[in-house]
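S.K.: The structure's right below; bear with me while I get my questions together.
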Amino acid sequence: MDGYPLIENHGLIGDLQTAALVTTEGAVDWFCSPRFDSPSVFGALLDKDKGGHCTVRPAHSTHTTKQLYLPGTAVLVTRFMTEAGAGEVIDFMPVTGTTVTSRHRLVRMVRCVRGSMTFQVEIAPRFDYGRSKHELHITSHGAVFAAQDGTELTVHPIREPHDKRLLDALTVQDGDLHVSLPLQAGEQRGLVLEVGADGPPAEVRLDAYQQLFDQTVAFWRSWLAQSHYTGRWREMVERSAITLKLMTFAPSGAVVAAPTTALPEQLGGERNWDYRFTWVRDASFSVYALLGLGFTEEARAFIAWLSDRVKERAGNSGKTGPLNVMYKVDGSADLEEQTLDHWEGYAGSFPVRIGNGAATQLQLDIYGEALDSMYFAHQHGLQVGHAGWTSMRENLDWLADHWDQTEEGIWETRGGRQDFTYGRVMSWVAFDRALRLADSKGWPSASGRWQAERDAAYEQVMAKGWNEERQAFVQHYGSDVLDSSLLRMATVGFLSPEDPMWASTLDAIDGELVSDSLVYRYNPTASPDGLRGSEGTFSLCTFMYVDALVRAGRTDQARLVFEKMMGYANHLGLYAEETDPTGRQLGNFPQAFTHLALIDAAITLDKALDRR
């Protein structure tokens with residue numbers, strides 16, 4: 001871990017087209033531009049020596065740090081305290097809007113609030129994942145890093161007119177920019193780091209900075225005011241909502257699974273995947289969470305994005321069906337997986353992957369999730385149009401021919417295809433929701449065939465997915481391995497929560513996959529997935545467990561598990577993909593799926609407690 005911050009020691013800022021991570025020590029160590037899935041400008045998170053960073057921290061080696069969000073916003077404040085003084089760095093990205101742009105700004109304001117403090121600033125970009133060299137040009141009004149790949153990072157100083165101290169303090173070392181900022185209480189200086197600037201460096205006056213700050217704060221607070229959640233965990237739910245908004249590509253409405261790539265699910269292991277894309281599954285889950293909070297426009301945008309994916313591939317089954325598992329934020333599907341051999345990976349966790357080979361897998365559950373989300377949206381007034389329904393019918397025709405085959409499954413295993421029980425359950429959901437939609441609207445449908453396939457999927461799961469010896473539904477046919485994805489069987493209505501078969505499955509998961517309230521996806525030793533090593537507990541599954549406990553009538557236990565899980569969030573209320581046995585966060589950060597599941601679990605638990 002030498003030289004690497006803990007994954008959870010980060011905050012997230014963004015402008016709705018890309019995002020950056022800021023450590024508790026004031027370093028921007030991850031930032032891609034112009035999109036979430038673009039090459040990195042700062043990437044020290046994945047290679048401390050070759051990745052690049054922008055660090056603002058006190059010159060005093062002994063200091064204490066605290067980090068918080070300005071309430072109700074995505075404006076991050078990192079505070080530093082020493083005996084001589086206290087200072088802070090205010091980080092945010094002005095919101096770009098729904099038009100695709102190559103211009104993105106990181107605003108870093110530095111101020112002293114007590115006593116005196118000298119800040120050391122180092123700006124050391126490494127373009128294109130550190131593969132493109134750059135030149136640094138100092139001007140009378142700032143600086144420009146010009147990379148060989150054509151990318152430019154422009155540094156604009158924030159200062160009072162005629163105050164030359166910041167510019168006079170600029171020094172160059174090995175192509176990087178260094179600034180020393182001695183400040184007294186009440187003084188502030190700052191920098192705007194801009195990719196895609198439309199002109200040379202320019203001084204930013206304090207009143208112009210204040211306008212940017214006020215506009216950003218107003219945007220986030222106005223957006224959050226749309227939420228009608230008033231339940232018991234309002235602060236955590238609202239922070240999750242803001243985090244999901246930060247991971248949304250506003251021009252298309254797509255939400256990325258995480259803004260990072262290759263953060264390990266096991267330190268030193270190979271389970272290091274690129275999550276900077278939009279999964280059909282995640283987009284579907286986002287509809288439940290956002291409609292549950294009252295964010296209708298975001299849910300509408302996700303449904304539109306999903307409908308476009310359905311329409312563009314209808315009638316084109318390819319090898320893995322009409323729907324891809326995941327897409328880039330613009331809807332394109334070229335996600336070729338590559339390895340960055342020149343980077344060592346987070347804390348030496350190699351390989352560092354960009355792109356994602358799972359994009360070409362067959363995962364049957366995505367059809368159930370897509371149809372379920374569309375049906376849920378329909379119930380909340382977001383109507384599916386004729387073109388969308390026609391395309392979905394073609395998707396269902398394909399599913400009717402192919403649901404009864406082996407697949408890679410929800411966890412994207414790389415150990416070979418299996419008859420995954422969850423995929424069959426969600427195939428049942430797809431046919432069931434399509435029948436309900438068609439019936440509610442009087443739309444044309446192949447209802448006779450859909451009903452026959454729905455019933456066949458149900459009968460098959462009951463006959464082959466159930467293991468009599470384990471007294472539980474299992475991961476795939478012919479196995480005795482448990483899988484926490486099956487916690488959703490009652491949630492989607494495949495089984496009644498009171499069904500003894502479901503109750504015994506929940507008991508079996510309790511005994512084998514739950515560790516002091518935290519839930520593992522499955523046991524990779526018992527069910528080899530084609531990868532070496534192990535992994536931590538899966539935060540999404542813990543929140544799914546809460547939902548399952550509520551539906552089983554175990555509300556007090558559900559609340560305890562939920563409250564415990566609140567304690568595993570980082571200092572800002574953010575969650576990575578996984579949690580290790582020591583409570584440390586693992587995997588890509590923050591993970592949208594986890595925050596979606598948190599919102600769903602909070603809403604479900606609130607309703608159960610309110611009924612008492």
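Chain labels follow the order of the structure tokens: the first chain is A, the next B, and so on; residue numbering restarts at 1 in every chain, and ligands are counted from 1 in their shown order.
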Do you know which residues are at most 10 Å from Thr360 of chain A counting only C-alpha atoms, after dropping those on the same chain fewer than 3 positions away, and could you put them as a list in words?

M.R.: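 Once the adjacent positions are removed, what remains is Gly318, Lys319, Thr320, Gly321, Leu323, Asn324, Val325, Met326, Ala333, Asp334, Leu335, Glu336, Asn356, Gly357 and Gln363 of chain A.
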
S.K.: Grab the residues selected above and save them as a PDB file, in the first residue's frame with C-alpha atoms.

M.R.:
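again-v3.pdb written:
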ATOM      1  CA  GLY A 318     -25.787 -11.748 -33.191  1.00  0.00           C
ATOM      2  CA  LYS A 319     -24.192 -14.409 -31.037  1.00  0.00           C
ATOM      3  CA  THR A 320     -25.457 -13.234 -27.681  1.00  0.00           C
ATOM      4  CA  GLY A 321     -28.880 -11.838 -28.378  1.00  0.00           C
ATOM      5  CA  LEU A 323     -29.164  -6.719 -26.351  1.00  0.00           C
ATOM      6  CA  ASN A 324     -25.545  -6.251 -25.337  1.00  0.00           C
ATOM      7  CA  VAL A 325     -24.680  -6.617 -21.667  1.00  0.00           C
ATOM      8  CA  MET A 326     -23.132  -3.146 -21.566  1.00  0.00           C
ATOM      9  CA  ALA A 333     -20.789  -1.133 -28.172  1.00  0.00           C
ATOM     10  CA  ASP A 334     -17.068  -1.372 -29.003  1.00  0.00           C
ATOM     11  CA  LEU A 335     -15.623  -2.267 -25.594  1.00  0.00           C
ATOM     12  CA  GLU A 336     -12.566  -4.281 -26.604  1.00  0.00           C
ATOM     13  CA  ASN A 356     -14.462  -4.967 -20.859  1.00  0.00           C
ATOM     14  CA  GLY A 357     -14.528  -8.409 -22.440  1.00  0.00           C
ATOM     15  CA  GLN A 363     -26.373 -12.912 -19.728  1.00  0.00           C
TER      16      GLN A 363
END

S.K.: I want to know what sits within 6 Å of segment 450-461 of chain A, based on only C-alpha atoms, with residues of the same chain fewer than 3 positions away left out; could you give that as number ranges by chain?

M.R.: A: 428, 431, 447, 464-465

S.K.: Go through A:Asn9, A:Asp2, A:Arg488, A:Asp600 one by one, measure the shortest atom-to-atom distance of each to Gln585 of chain A using only C-alpha atoms, and give the residue with the smallest value.

M.R.: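 That would be A:Asn9, the residue with the smallest distance to Gln585 of chain A.
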
S.K.: Ranking A:Phe127, A:Tyr327, A:Tyr367, A:Phe213 by minimum distance to Trp398 of chain A and counting only C-alpha atoms, which one comes first?

M.R.: A:Tyr367

S.K.: Could you name the residues that touch Thr537 of chain A at 9 Å or less, counting only C-alpha atoms, but leaving out those on the same chain fewer than 2 positions away, as a VMD selection string?

M.R.: chain A and resid 513 to 515 518 to 521 535 539 to 542 577 to 581

S.K.: Can you pull out the residues contacting Val89 of chain A? Cut-off 8 Å, using only C-alpha atoms, and skip same-chain residues under 3 positions away; I want them as a list of chain:residue names.

M.R.: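 Residues meeting the cut-off are A:Gly26, A:Val56, A:Val77, A:Thr78, A:Arg79, A:Arg108, A:Met109, A:Val110, A:Arg111.
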
S.K.: Going by DSSP on the backbone, which bits of segment 366-422 of chain A are alpha helix (DSSP H)? Write them as a ChimeraX atom specification, please.

M.R.: /A:366-379,386-402,421-422

S.K.: If we count only C-alpha atoms, what is near Glu203 of chain A at a cut-off of 7 Å, once residues fewer than 5 positions away on the same chain are taken out, given as a compact mmCIF listing (two decimals) with N, CA and C atoms, in the first residue's frame?

M.R.:
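Listed below is the output, part-v6.txt:
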# COMPACT_ATOMS: atom_id res chain seq x y z
N HIS A 141 -0.10 34.59 -17.98
CA HIS A 141 -1.40 34.46 -17.30
C HIS A 141 -1.70 33.03 -16.86
N HIS A 156 -5.50 28.00 -15.25
CA HIS A 156 -5.87 29.40 -15.06
C HIS A 156 -5.76 29.74 -13.58
N PRO A 157 -5.03 30.78 -13.20
CA PRO A 157 -4.96 31.16 -11.79
C PRO A 157 -6.21 31.92 -11.34
N ILE A 158 -6.64 31.66 -10.12
CA ILE A 158 -7.72 32.43 -9.50
C ILE A 158 -7.07 33.37 -8.49

S.K.: Could you give me, as a VMD selection string, each residue of segment 302-353 of chain A that DSSP assigns to strand (DSSP E) when run on this structure's backbone?

M.R.: chain A and resid 326 to 327 338 to 339 353

S.K.: Output the selection as a PDB file, in the first residue's frame - C-alpha atoms for each residue.

M.R.:
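Printed below is result.pdb as written:
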ATOM      1  CA  MET A 326     -23.132  -3.146 -21.566  1.00  0.00           C
ATOM      2  CA  TYR A 327     -22.498  -0.099 -23.731  1.00  0.00           C
ATOM      3  CA  GLN A 338      -6.966  -4.269 -23.306  1.00  0.00           C
ATOM      4  CA  THR A 339      -4.253  -4.357 -20.652  1.00  0.00           C
ATOM      5  CA  ARG A 353      -7.640  -3.314 -17.804  1.00  0.00           C
TER       6      ARG A 353
END

S.K.: So which one's closest to Leu244 of chain A, A:His595, A:Arg126, A:Arg35, A:Arg189? Using only C-alpha atoms, please.

M.R.: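 Smallest separation from Leu244 of chain A among the options: A:His595.
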
S.K.: Smallest atom-to-atom distance to Gly292 of chain A: which of A:Phe543, A:Phe589, A:Tyr229, A:Phe36, using only C-alpha atoms?

M.R.: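 Answer, going by the shortest atom-to-atom distance: A:Tyr229.
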
S.K.: If you take only C-alpha atoms and a cut-off of 12 Å, which residues of segment 403-467 of chain A touch segment 264-285 of chain A, and what are their nearest atom pairs and distances in Å to one decimal, in chain and number order, as JSON lines?

M.R.:
{"residue": "A:Gly409", "atom": "CA", "partner": "A:Arg281", "partner_atom": "CA", "distance": 11.7}
{"residue": "A:Ile410", "atom": "CA", "partner": "A:Arg281", "partner_atom": "CA", "distance": 8.8}
{"residue": "A:Trp411", "atom": "CA", "partner": "A:Arg281", "partner_atom": "CA", "distance": 11.3}
{"residue": "A:Glu412", "atom": "CA", "partner": "A:Trp273", "partner_atom": "CA", "distance": 10.9}
{"residue": "A:Thr413", "atom": "CA", "partner": "A:Arg271", "partner_atom": "CA", "distance": 10.7}
{"residue": "A:Arg414", "atom": "CA", "partner": "A:Arg271", "partner_atom": "CA", "distance": 10.8}
{"residue": "A:Met426", "atom": "CA", "partner": "A:Arg281", "partner_atom": "CA", "distance": 11.2}

S.K.: So that I can check the surroundings of Asp207 of chain A, please list as a list in words every protein, DNA and RNA residue that reaches within 12 Å of it, counting only C-alpha atoms and ignoring chain neighbours fewer than 5 positions away.

M.R.: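 Residues near the query, excluding close chain neighbours: Ile158, Arg159, Glu160, Pro161, Leu212, Phe213 and Asp214 of chain A.
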
S.K.: Can you list, as a PyMOL selection string, every protein, DNA or RNA residue that comes within 8 Å of Glu407 of chain A when you count only C-alpha atoms, leaving out same-chain residues fewer than 5 positions away?

M.R.: chain A and resi 361-364+416-420

S.K.: Using the selection just defined, write its residues with N, CA and C atoms as a PDB file, in the first residue's frame.

M.R.:
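The result, stored in selection23.pdb:
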ATOM      1  N   GLN A 361     -20.544 -11.277 -23.616  1.00  0.00           N
ATOM      2  CA  GLN A 361     -21.100 -12.460 -22.963  1.00  0.00           C
ATOM      3  C   GLN A 361     -22.617 -12.555 -23.181  1.00  0.00           C
ATOM      4  N   LEU A 362     -23.129 -13.754 -22.951  1.00  0.00           N
ATOM      5  CA  LEU A 362     -24.574 -13.960 -22.900  1.00  0.00           C
ATOM      6  C   LEU A 362     -24.999 -13.956 -21.442  1.00  0.00           C
ATOM      7  N   GLN A 363     -25.834 -13.010 -21.082  1.00  0.00           N
ATOM      8  CA  GLN A 363     -26.373 -12.912 -19.728  1.00  0.00           C
ATOM      9  C   GLN A 363     -27.883 -12.741 -19.855  1.00  0.00           C
ATOM     10  N   LEU A 364     -28.599 -13.829 -19.646  1.00  0.00           N
ATOM     11  CA  LEU A 364     -30.034 -13.843 -19.934  1.00  0.00           C
ATOM     12  C   LEU A 364     -30.847 -12.973 -18.992  1.00  0.00           C
ATOM     13  N   GLY A 416     -16.655 -20.527 -18.062  1.00  0.00           N
ATOM     14  CA  GLY A 416     -17.510 -21.335 -18.922  1.00  0.00           C
ATOM     15  C   GLY A 416     -18.978 -21.137 -18.598  1.00  0.00           C
ATOM     16  N   ARG A 417     -19.818 -21.377 -19.603  1.00  0.00           N
ATOM     17  CA  ARG A 417     -21.248 -21.151 -19.438  1.00  0.00           C
ATOM     18  C   ARG A 417     -21.901 -22.239 -18.589  1.00  0.00           C
ATOM     19  N   GLN A 418     -22.959 -21.828 -17.906  1.00  0.00           N
ATOM     20  CA  GLN A 418     -23.732 -22.741 -17.066  1.00  0.00           C
ATOM     21  C   GLN A 418     -25.218 -22.432 -17.227  1.00  0.00           C
ATOM     22  N   ASP A 419     -26.051 -23.354 -16.745  1.00  0.00           N
ATOM     23  CA  ASP A 419     -27.496 -23.104 -16.659  1.00  0.00           C
ATOM     24  C   ASP A 419     -27.768 -22.358 -15.354  1.00  0.00           C
ATOM     25  N   PHE A 420     -27.574 -21.055 -15.360  1.00  0.00           N
ATOM     26  CA  PHE A 420     -27.715 -20.265 -14.136  1.00  0.00           C
ATOM     27  C   PHE A 420     -29.188 -20.087 -13.773  1.00  0.00           C
TER      28      PHE A 420
END
